[in-house]
Each structure stands twice: as structure tokens, then as C-alpha cells.
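Novice: Here it is, the structure in full.
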Amino acid sequence: MEKKRTRFAPSPTGYMHIGNLRSAIFGYLMVKHDGGDFLLRIEDTDQTRKVEGAIEFIYDTCRLCGLEFDEGPLNGGPYGPYTQSERLDIYKKYAHELVEKGEAYYCFCTEERLDKLRKIAEDNHMAFMYDGHCKNLSHEEIEEKIKAGVPYVIRQKMTKEGVSTYEDVVYGTISVENRILEDQVLLKSDGYPTYNFANVIDDHLMHINVVARGNEYVMSTPKYNLLYDAFGWERPTYIHLPMVLGEDGQKLSKRNGDASFMDLYHEGYLPEAIVNYLALLGWSPVDNQEIFTLEELVKVFDPSRISKSPSTYDVKKLNWVNAYYIKKLSLEDCVKLVKPFLSEAYDLSDKSEKWLNELVRIYQNHISYGKEIVKETEMFFNKDINPDFECIEFMKDESIPKTIEVFKEEIENISEWSIPNISNAINNTKEKASVKGKMLYMPIRIKTTGVMHGPELPDTIYLLGKDIILERLSK
RNA sequence: GGUCGGUUGGUGAAGUGGCUUAACACACUGCCCUUUCACGGCAGCAUUCAUGGGUUCGAAUCCCAUACCGAUCACCA
């Protein structure tokens with residue numbers, strides 16, 4: 001069997017949202033499942049959108065996620081160059097080959113003429129379609145215009161009859177009537193190819209036989225196929241991926257959630273967790289397993305189990321997956337993850353490494369992403385605590401002043417500041433103030449931390465330190 | 001407007017004619033554990049699969065209409 005090869009083909013915009021990444025992941029899984037190749041190709045035929053450093057950015061993102069490219073603009077390969085703007089001569093050559101074959105033609109129509117046609121179509125509530133004006137120009141006419149320097153594009157001659165059909169791994173058989181296909185532009189007047197054209201040429205030349213991409217291409221795939229046919233090339237296997245929606249049911253954008261991988265990464269989400277979550281968006285395994293390493297995904301991935309309907313990006317579930325991965329981290333790695341956020345938010349200069357480790361240890365089970373620790377640990381860094389309404393309500397109980405009074409005394413009497421001794425202090429308070437359970441713990445917790453939830457109370461108190469505790473108890 | 005798709009709970013989803021009085025997971029709610037909250041464990045949470053018809057002994061699963069949502073119709077990718 002032929003080796004499977006697919007490509008991730010983004011435009012270099014310097015931004016990678018979750019939907020893009022998911023396409024890359026699915027392509028990667030699909031091909032690696034059978035030991036195939038995964039390559040990167042940069043689609044920069046629209047020069048206006050180019051962003052500096054975007055290629056490095058794509059490599060970085062994918063490397064973080066564990067997706068390594070077998071071939072690509074930075075690491076090379078046998079079918080380069082892998083950047084479309086460096087392949088202009090190739091496209092030109094193939095476009096002209098098509099003209100010679102009679103499958104394409106020069107078109108000298110001006111923008112004005114096309115705009116006029118478009119306007120007429122619009123007024124008649126019709127879809128605009130190029131009218132084939134230049135389809136039958138004579139050789140002489142063409143020669144003359146080219147010599148005169150009239151700008152031109154090359155358009156593909158489309159059949160108007162019949163139906164184009166192809167098999168999609170996800171969507172099954174897709175049929176489109178050829179009469180709705182227009183004579184698409186292959187080569188623009190600036191000498192650059194259109195996306196549609198460059199895509200087919202490159203995919204063929206790079207021996208791509210698996211094409212995984214968003215389902216916005218479902219409708220244009222017949223055009224690609226006609227191009228493959230015109231050259232007499234073999235068509236690839238198509239996998240069109242369902243769209244990823246934001247929580248508002250709209251297409252994912254920067255507005256409806258942190259749609260970019262880098263945003264998430266900079267919030268302290270783990271790439272493995274993001275990949276894991278993304279793989280589950282629109283795909284499900286045969287069994288009920290939900291936590292997967294990349295290797296496991298590669299092993300069990302089956303593209304026929306990709307769903308046809310769009311899926312909604314749900315941060316809550318991502319948080320759950322990410323929290324799971326954080327809990328599994330070694331303390332050392334967890335400190336590594338979380339420390340940059342802490343040192344960015346707070347002054348850590350007077351904190352020992354031991355203290356920091358201890359802090360992370362007691363919070364590791366409480367956070368779902370790295371940056372969350374900043375808010376959770378406020379009480380350790382800010383002098384003042386700000387109990388919310390619920391806390392204040394709770395503290396209105398009349399037994400509380402006495403509990404606090406007794407506990408404060410117990411704390412004062414502790415000679416050696418240690419977790420067992422703090423536990424004892426709590427225990428003694430229970431006896432002396434004759435309160436227990438919630439009415440024992442909650443007042444102390446709120447008074448010392450300002451919140452109702454948190455890690456083990458003795459641990460927290462220990463880390464806070466005797467001075468701060470006494471100060472807060474006195475207020 | 002034409003064309004092509006999609007529609008299972010708040011969310012991700014399983015399900016491809018009987019084993020489904022619809023799995024599993026997130027979220028939510030309750031209980032247990034812990035002398036507290038959380039963590040963890042357990043339980044509850046769609047009589048119903050957009051709606052209406054049809055095929056069938058039998059349908060979430062097949063067919064047809066309707067509704068809604070989306071994609072697409074460029075010298076953008």
C-alpha cells in the first residue's frame with residue numbers, strides 16, 4: 001500500500017486558532033496511524049496577509065503539541081520548496097501546460113467588466129458566474145494582447161454538463177452539478193496562482209494522498225477534482241472536518257472564547273491537554289476512554305468516527321481535561337508551570353523555594369489551568385482579604401466571635417509552628433468553644449483566608465505564617 | 001436566491017431497524033468521605049432523539065416534506 005501523506009497548509013498569519021490546530025491534529029493522527037508523513041506547506045499566495053515570523057510560530061505551536069513535521073519549509077524535504085511564494089514558476093508552467101492541452105485559456109477581462117457582470121447578476125438575484133467571454137479568442141488576438149502588455153489571468157475550462165461526485169471519508173458521497181462550477185481563475189494577473197490551483201499542483205507534486213481540512217471546502221472540492229482530472233492525476237482521499245463553534249453557536253472567533261492556542265498556552269493550559277481535548281471535538285473513540293496521550297490517539301484514531309455535525313468548543317470540559325493533566329504532574333513540573341504566573345503577579349523575593357513548593361503542593365489539586373493559581377493564592381500575597389457577601393453572611397452567626405477568640409489564644413500559645421500543632425490548636429478550640437464541624441472550621445477559614453473554599457486548613461494556616469494569622473484574627 | 005450539509009439533554013457525544021424503558025464524560029443537584037469547603041467516591045439528571053407524515057410486526061436509526069442552523073457561490077485562502 002502507498003504510504004499515506006498529508007499536509008497542514010496554513011496561511012502565515014501568525015495566529016492559530018483552535019479549529020486550525022484541530023485540523024492539523026486530525027491530519028496528523030490519520031496519517032501517523034498508518035506510519036505516514038505529515039508535512040507543512042505555507043500558503044502565502046496572498047502576499048498582503050503575510051506576517052513576519054509566522055512560519056516559526058507555526059513550527060513552535062506544532063512542536064509544543066507534539067506534532068512534528070516530516071517535511072516543511074524549515075526542515076526541508078525532497079519535494080520543496082514548501083512555501084508557495086517560492087514556487088511561482090512551477091504554477092506558471094502547469095497553468096500553461098493546461099492552456100496547451102486546451103483545458104484552460106487566457107482571459108483579458110478587466111475588473112470593470114467583471115464588476116458590471118457581478119452587478120447585473122446581483123440585481124437579478126443570481127449567482128455571478130464568469131460568462132466565458134475570452135474562452136474562444138483566436139491565437140492572433142491572444143498573441144497581440146500579450147504583446148501589448150494587456151494583463152491577463154488564466155482560467156480553467158469547466159464542463160457544464162453532468163455531475164461531479166466524490167467520496168468524502170466523513171460526509172460520504174457528495175455530488176454537485178457541473179453547471180454551477182465556473183471557469184475559475186488559476187493564475188492571477190500578478191503571476192500568483194489562486195489557492196485552488198496552487199493547492200492541487202502542490203498536493204500532487206508533494207505526493208499528498210490524504211487531504212484533511214475544514215468543511216468549508218466541501219463545495220469547492222469538485223473544482224479541485226476537475227483539475228486533477230484535467231492533468232490526469234490521481235485524486236487524494238478527502239476528509240472534511242466539521243466546524244468548531246463557539247459557545248454562542250457562532251463560528252469560533254477571538255470574541256467568543258480564547259480561540260487561539262497561544263492564548264490558552266499563555267494562560268497555563270498544557271499542550272497535551274489541549275490536544276487531548278481537541279481530538280475529542282468531533283471525534284470519539286470506540287470505547288469510553290477520554291484521556292489520551294498523542295501516541296494513544298495515533299493508535300486508535302479512526303477517521304470514519306469523525307462526526308458530521310459541528311461541535312461546540314466548551315471551556316468547562318477543556319478545564320476538566322487540563323485539571324486532570326495538572327493533577328498528574330510531578331510537583332517539580334507543576335512548580336515549573338505555575339511559578340511564572342506567580343512571579344508575574346506577586347513579589348516572590350522573600351519566599352523560599354521550600355515555601356513555594358509547599359504552596360504549589362497544596363494547590364495542585366485545586367487549579368484547572370496555570371494562571372488560575374494567581375487568584376486562588378491571593379490571600380498569601382495581599383495583606384488584606386476581601387470576604388464576599390456569602391462569607392459575611394456566614395460570619396454573622398453569634399457563636400463566631402468566641403470561636404475566633406479561643407482559636408487566637410491557641411495560636412498564640414503554639415511554641416513550634418508546625419502543621420500538627422496547628423491541628424491541635426483547632427482541636428482545642430473545638431473543646432473550649434464547644435463548636436464543631438462547619439461552625440468550627442468555616443469561621444477560622446473565612447477569618448484567615450477570606451474565602452470559603454481552599455486546601456486543607458492546617459496546611460494553609462501553616463503556610464500563611466503565625467504573624468499574618470494573628471493579625472487577621474485580631475481584625 | 002441556487003447548491004451542499006447538519007439537527008440526540010446546558011455541553012461533548014454513543015447509537016447505522018429489535019440487545020435502548022437512549023451509553024459514557026463535562027456541568028449541575030443530592031449523598032458519603034474528610035471534625036469544614038475542596039479533592040475523591042456514589043447517586044440523580046432526555047418516557048425521548050427539530051417537527052409532521054410514510055415504510056415496517058418494530059425507527060433516534062430507512063424514505064419524503066417542513067422548520068431552524070451552517071457552509072458555499074472572488075484575480076481570499
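Each chain in the C-alpha cells gets a letter, A, B, ..., in the order shown, and its residues are numbered from 1; ligands are numbered from 1 in order too.
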Taking only C-alpha atoms (C1' of nucleotides) into account, which residues of chain B are within 6 Å of chain A, as a PyMOL selection string?

Specialist: chain B and resi 1+6+24+26+35-38+71-72+75+77

Novice: Print the selection's residues with C-alpha atoms (C1' of nucleotides) to a file, as an mmCIF file, in the first residue's frame.

Specialist:
data_model
loop_
_atom_site.group_PDB
_atom_site.id
_atom_site.type_symbol
_atom_site.label_atom_id
_atom_site.label_comp_id
_atom_site.auth_asym_id
_atom_site.auth_seq_id
_atom_site.Cartn_x
_atom_site.Cartn_y
_atom_site.Cartn_z
ATOM 1 C "C1'" G B 1 -31.593 33.284 -4.297
ATOM 2 C "C1'" G B 6 -26.210 19.371 9.655
ATOM 3 C "C1'" C B 24 -20.203 7.460 28.684
ATOM 4 C "C1'" C B 26 -18.260 17.707 31.403
ATOM 5 C "C1'" U B 35 -14.324 17.150 62.838
ATOM 6 C "C1'" U B 36 -15.065 22.413 57.313
ATOM 7 C "C1'" C B 37 -15.073 23.885 51.851
ATOM 8 C "C1'" A B 38 -12.435 21.471 48.177
ATOM 9 C "C1'" A B 71 -21.187 26.230 4.550
ATOM 10 C "C1'" U B 72 -20.501 27.863 -0.369
ATOM 11 C "C1'" C B 75 -7.803 37.691 -9.688
ATOM 12 C "C1'" A B 77 -7.294 31.271 1.441
#

Novice: Near G53 of chain B, counting only C-alpha atoms (C1' of nucleotides), which residues have an atom at most 12 Å away, once you skip same-chain residues fewer than 3 positions from it, shown as number ranges by chain?

Specialist: B: 63-66

Novice: Pull the alpha helix (DSSP H) assignments for segment 322-363 of chain A out of DSSP run on the backbone, and list those residues as JSON, numbers by chain.

Specialist: {"A": [322, 323, 324, 325, 326, 327, 328, 331, 332, 333, 334, 335, 336, 337, 338, 339, 340, 341, 342, 343, 344, 345, 353, 354, 355, 356, 357, 358, 359, 360, 361, 362, 363]}

Novice: Show me, as a PyMOL selection string, the residues that have an atom within 12 Å of C32 of chain B when counting only C-alpha atoms (C1' of nucleotides), minus same-chain residues fewer than 5 positions from it.

Specialist: chain B and resi 40-43

Novice: Could the residues in this selection be saved with N, CA, C and O atoms (P, O5', C5', C4', C3', O3' and C1' of nucleotides) as a PDB file, in the first residue's frame?

Specialist:
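Below is the file that was written, selection-v3.pdb:
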ATOM      1  P     G B  40     -11.582  15.155  42.020  1.00  0.00           P
ATOM      2  O5'   G B  40     -11.662  13.843  42.926  1.00  0.00           O
ATOM      3  C5'   G B  40     -10.564  12.937  42.962  1.00  0.00           C
ATOM      4  C4'   G B  40     -10.890  11.815  43.916  1.00  0.00           C
ATOM      5  C3'   G B  40     -12.181  11.070  43.640  1.00  0.00           C
ATOM      6  O3'   G B  40     -11.995  10.056  42.661  1.00  0.00           O
ATOM      7  C1'   G B  40     -12.121  11.642  45.919  1.00  0.00           C
ATOM      8  P     G B  41     -13.247   9.546  41.830  1.00  0.00           P
ATOM      9  O5'   G B  41     -14.169   8.806  42.903  1.00  0.00           O
ATOM     10  C5'   G B  41     -13.788   7.535  43.427  1.00  0.00           C
ATOM     11  C4'   G B  41     -14.842   7.043  44.377  1.00  0.00           C
ATOM     12  C3'   G B  41     -16.251   6.952  43.799  1.00  0.00           C
ATOM     13  O3'   G B  41     -16.448   5.745  43.086  1.00  0.00           O
ATOM     14  C1'   G B  41     -16.350   8.048  45.878  1.00  0.00           C
ATOM     15  P     C B  42     -17.503   5.694  41.909  1.00  0.00           P
ATOM     16  O5'   C B  42     -18.897   5.829  42.656  1.00  0.00           O
ATOM     17  C5'   C B  42     -19.398   4.763  43.467  1.00  0.00           C
ATOM     18  C4'   C B  42     -20.675   5.208  44.134  1.00  0.00           C
ATOM     19  C3'   C B  42     -21.806   5.605  43.204  1.00  0.00           C
ATOM     20  O3'   C B  42     -22.510   4.487  42.697  1.00  0.00           O
ATOM     21  C1'   C B  42     -21.631   7.192  44.939  1.00  0.00           C
ATOM     22  P     A B  43     -23.234   4.615  41.268  1.00  0.00           P
ATOM     23  O5'   A B  43     -24.458   5.583  41.590  1.00  0.00           O
ATOM     24  C5'   A B  43     -25.579   5.094  42.323  1.00  0.00           C
ATOM     25  C4'   A B  43     -26.492   6.238  42.676  1.00  0.00           C
ATOM     26  C3'   A B  43     -27.146   6.963  41.502  1.00  0.00           C
ATOM     27  O3'   A B  43     -28.269   6.265  41.016  1.00  0.00           O
ATOM     28  C1'   A B  43     -26.349   8.538  43.064  1.00  0.00           C
TER      29        A B  43
END

Novice: Which value, in Å to one decimal, gives the distance between atom CA of Leu64 of chain A and atom CA of Tyr82 of chain A?

Specialist: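 Going from atom CA of Leu64 of chain A over to atom CA of Tyr82 of chain A, I get 21.0 Å.
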
Novice: Mind checking which residues fall within 12 Å of G44 of chain B, counting only C-alpha atoms (C1' of nucleotides), ignoring those fewer than 3 positions away in the same chain, and posting them as a list of chain:residue names?

Specialist: B:C28, B:U29, B:G30, B:C31

Novice: For the selection just defined, write its residues with C-alpha atoms (C1' of nucleotides) to a file, as a PDB file, in the first residue's frame.

Specialist:
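Output file out30.pdb follows:
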ATOM      1  C1'   C B  28     -25.483  20.832  37.607  1.00  0.00           C
ATOM      2  C1'   U B  29     -28.068  18.680  42.137  1.00  0.00           C
ATOM      3  C1'   G B  30     -28.009  15.370  46.343  1.00  0.00           C
ATOM      4  C1'   C B  31     -25.486  11.830  49.473  1.00  0.00           C
TER       5        C B  31
END

Novice: Distance atom CA of Ile291 of chain A-atom CA of Gly27 of chain A, one decimal place?

Specialist: 19.5 Å

Novice: Give me, as a PyMOL selection string, the residues of segment 205-275 of chain A that a backbone DSSP run labels strand (DSSP E).

Specialist: chain A and resi 210-214+237-241+244-245

Novice: Take the residues that were just selected and, keeping N, CA, C and O atoms, output them as an mmCIF file, in the first residue's frame.

Specialist:
data_model
loop_
_atom_site.group_PDB
_atom_site.id
_atom_site.type_symbol
_atom_site.label_atom_id
_atom_site.label_comp_id
_atom_site.auth_asym_id
_atom_site.auth_seq_id
_atom_site.Cartn_x
_atom_site.Cartn_y
_atom_site.Cartn_z
ATOM 1 N N VAL A 210 -3.747 12.255 1.173
ATOM 2 C CA VAL A 210 -4.811 12.442 2.157
ATOM 3 C C VAL A 210 -4.972 13.940 2.399
ATOM 4 O O VAL A 210 -4.013 14.612 2.752
ATOM 5 N N VAL A 211 -6.160 14.441 2.159
ATOM 6 C CA VAL A 211 -6.405 15.859 2.367
ATOM 7 C C VAL A 211 -7.432 16.031 3.485
ATOM 8 O O VAL A 211 -8.579 15.637 3.340
ATOM 9 N N ALA A 212 -6.956 16.569 4.613
ATOM 10 C CA ALA A 212 -7.855 16.822 5.745
ATOM 11 C C ALA A 212 -7.956 18.323 5.921
ATOM 12 O O ALA A 212 -6.951 19.012 6.037
ATOM 13 N N ARG A 213 -9.153 18.845 5.904
ATOM 14 C CA ARG A 213 -9.334 20.296 6.008
ATOM 15 C C ARG A 213 -10.759 20.587 6.458
ATOM 16 O O ARG A 213 -11.591 19.695 6.548
ATOM 17 N N GLY A 214 -11.040 21.844 6.720
ATOM 18 C CA GLY A 214 -12.358 22.231 7.200
ATOM 19 C C GLY A 214 -13.441 22.009 6.158
ATOM 20 O O GLY A 214 -13.158 21.975 4.965
ATOM 21 N N THR A 237 -7.566 11.220 -1.088
ATOM 22 C CA THR A 237 -8.691 10.912 -0.203
ATOM 23 C C THR A 237 -9.055 12.189 0.542
ATOM 24 O O THR A 237 -8.179 12.861 1.072
ATOM 25 N N TYR A 238 -10.319 12.507 0.568
ATOM 26 C CA TYR A 238 -10.735 13.740 1.241
ATOM 27 C C TYR A 238 -11.371 13.456 2.594
ATOM 28 O O TYR A 238 -12.168 12.544 2.740
ATOM 29 N N ILE A 239 -10.973 14.270 3.558
ATOM 30 C CA ILE A 239 -11.590 14.218 4.882
ATOM 31 C C ILE A 239 -11.990 15.626 5.255
ATOM 32 O O ILE A 239 -11.148 16.450 5.596
ATOM 33 N N HIS A 240 -13.241 15.931 5.166
ATOM 34 C CA HIS A 240 -13.669 17.271 5.531
ATOM 35 C C HIS A 240 -14.165 17.280 6.970
ATOM 36 O O HIS A 240 -15.028 16.495 7.345
ATOM 37 N N LEU A 241 -13.573 18.164 7.742
ATOM 38 C CA LEU A 241 -13.835 18.199 9.180
ATOM 39 C C LEU A 241 -14.980 19.150 9.520
ATOM 40 O O LEU A 241 -15.055 20.244 8.981
ATOM 41 N N VAL A 244 -15.848 23.993 14.110
ATOM 42 C CA VAL A 244 -15.865 24.173 15.554
ATOM 43 C C VAL A 244 -16.555 25.502 15.863
ATOM 44 O O VAL A 244 -16.171 26.549 15.343
ATOM 45 N N LEU A 245 -17.568 25.436 16.703
ATOM 46 C CA LEU A 245 -18.337 26.622 17.047
ATOM 47 C C LEU A 245 -17.969 27.143 18.426
ATOM 48 O O LEU A 245 -17.520 26.399 19.285
#
